[in-house]
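Below is one structure; the comments refer to it alone.
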Amino acid sequence: MDLSSSIHIKKNCNLQSIGQTCRTIYFVVEGTARINYFKEDRDVTEYFAFKNDMIIRAESLFTGRPSHKAIQAISDTSFIAIPANPLFGLFEKYHDVERLFRKIVERSYVDTINRLESLQFHTAEERYQDLIKKSPAVVREIPLKYIASYLGITQVSLSRIRAAIS
């Protein structure tokens, strides 16, 4: 049985659209993706996924409800897709697979908490520096509007930060 498949999504196309229910776990093989949503007609970036990162809409995957968020390829992006139900079915039979998935989800949860704390306790410049550390070459290719949105600032503020640290 093939549990996973490869998916290639072109730049600026959605892997999953707003309103869909997430039933698949994705890992970025090549490229960059983001989770985004719209608030008062503003496109907001919640998360960036780089090579080897997992990307899911957990609030939808674990509740079975449609998501208010999309997964979009920022560049031509290849993913490994694993359907959740067959994977979850393996957990009863193969506890090592369950433990591995739990560790991946734990890491993702800690990353989410760190992001929330970063928004609460760090300056926009510090948040930008952290993003650059994660993937400097890729960050240079992400449109500024997505980065500014992710940092919770305007593009003008982001331009000032970039000029100050260059």
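To be explicit about the labels: the chains of the structure tokens are called A, B, and onward in the order shown, and within each one the residues are counted from 1, while ligands get numbers from 1 in the order they are shown.
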Each residue of stretch 21-79 of chain A lying at most 12 Å from stretch 102-122 of chain A should get a row with its shortest atom-to-atom pair and the distance in Å to one decimal, counting only C-alpha atoms; could you produce that, ordered by chain and increasing number, as CSV?
residue,atom,partner,partner_atom,distance
A:Ile25,CA,A:Val105,CA,10.8
A:Tyr26,CA,A:Ile104,CA,12.0
A:Phe27,CA,A:Ile104,CA,11.1
A:Glu46,CA,A:Arg115,CA,9.6
A:Tyr47,CA,A:Thr112,CA,9.0
A:Phe48,CA,A:Arg115,CA,11.3
A:Ala49,CA,A:Ser108,CA,11.1
A:Asn52,CA,A:Ile104,CA,11.5
A:Asp53,CA,A:Ser108,CA,9.2
A:Met54,CA,A:Ser108,CA,8.0
A:Ile55,CA,A:Ser108,CA,9.2
A:Ile56,CA,A:Ser108,CA,9.9
A:Arg57,CA,A:Ser108,CA,11.4
A:Ala58,CA,A:Val105,CA,9.5
A:Glu59,CA,A:Tyr109,CA,11.9
A:Phe62,CA,A:Val105,CA,11.6
Mind writing the picked residues with C-alpha atoms as a CSV table (one decimal), in the first residue's frame?
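Output file again_23.csv follows:
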chain,number,residue,atom,x,y,z
A,25,ILE,CA,-0.5,16.0,6.2
A,26,TYR,CA,2.0,17.6,4.0
A,27,PHE,CA,5.8,17.9,4.1
A,46,GLU,CA,0.2,32.9,9.5
A,47,TYR,CA,3.0,30.5,8.8
A,48,PHE,CA,5.8,29.8,6.4
A,49,ALA,CA,6.9,26.3,5.5
A,52,ASN,CA,11.5,19.6,5.3
A,53,ASP,CA,8.8,21.5,7.2
A,54,MET,CA,5.4,20.0,7.9
A,55,ILE,CA,2.4,22.1,6.8
A,56,ILE,CA,-1.2,21.3,7.9
A,57,ARG,CA,-4.2,23.2,9.0
A,58,ALA,CA,-4.3,21.5,12.4
A,59,GLU,CA,-7.6,23.2,13.5
A,62,PHE,CA,-8.1,17.4,14.2
Which of chain A DSSP labels strand (DSSP E), written as a ChimeraX atom specification: /A:5-9,14-16,24-30,33-39,42-49,54-55,70-73,77-83
Residue nearest A:Val29 - candidates A:Phe50, A:Tyr150, A:Phe91, A:Tyr128, atoms counted: only C-alpha atoms: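 Nearest candidate to A:Val29 out of A:Phe50, A:Tyr150, A:Phe91, A:Tyr128: A:Phe50.
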Could you list, as an mmCIF file with C-alpha atoms, in the first residue's frame, every residue within 9 Å of A:Tyr146, counting only C-alpha atoms and ignoring same-chain residues fewer than 3 positions away?
data_model
loop_
_atom_site.group_PDB
_atom_site.id
_atom_site.type_symbol
_atom_site.label_atom_id
_atom_site.label_comp_id
_atom_site.auth_asym_id
_atom_site.auth_seq_id
_atom_site.Cartn_x
_atom_site.Cartn_y
_atom_site.Cartn_z
ATOM 1 C CA ARG A 34 2.451 29.515 3.547
ATOM 2 C CA ASP A 43 -4.299 38.820 3.182
ATOM 3 C CA VAL A 44 -2.621 37.629 6.397
ATOM 4 C CA THR A 45 0.272 35.143 6.445
ATOM 5 C CA ILE A 142 9.327 35.777 -0.459
ATOM 6 C CA PRO A 143 7.255 38.813 -1.453
ATOM 7 C CA SER A 149 1.965 40.376 7.202
ATOM 8 C CA TYR A 150 3.668 37.463 8.976
ATOM 9 C CA LEU A 151 5.556 39.914 11.206
ATOM 10 C CA GLN A 155 5.562 46.909 4.207
#
Per-residue DSSP, stretch 48-153 of chain A, filtered to helix (DSSP H, G or I), as number ranges by chain: A: 58-61, 84-93, 95-121, 124-134, 136-139, 144-151
For atom CA of A:Asn36 and atom CA of A:Cys22, the interatomic separation in Å (one decimal):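 Those two atoms sit 14.0 Å apart.
Residues lying within 6 Å of A:Pro66, counting only C-alpha atoms and ignoring same-chain neighbours fewer than 5 positions away, are Gly19, Gln20, Thr21 and Ser60 of chain A.
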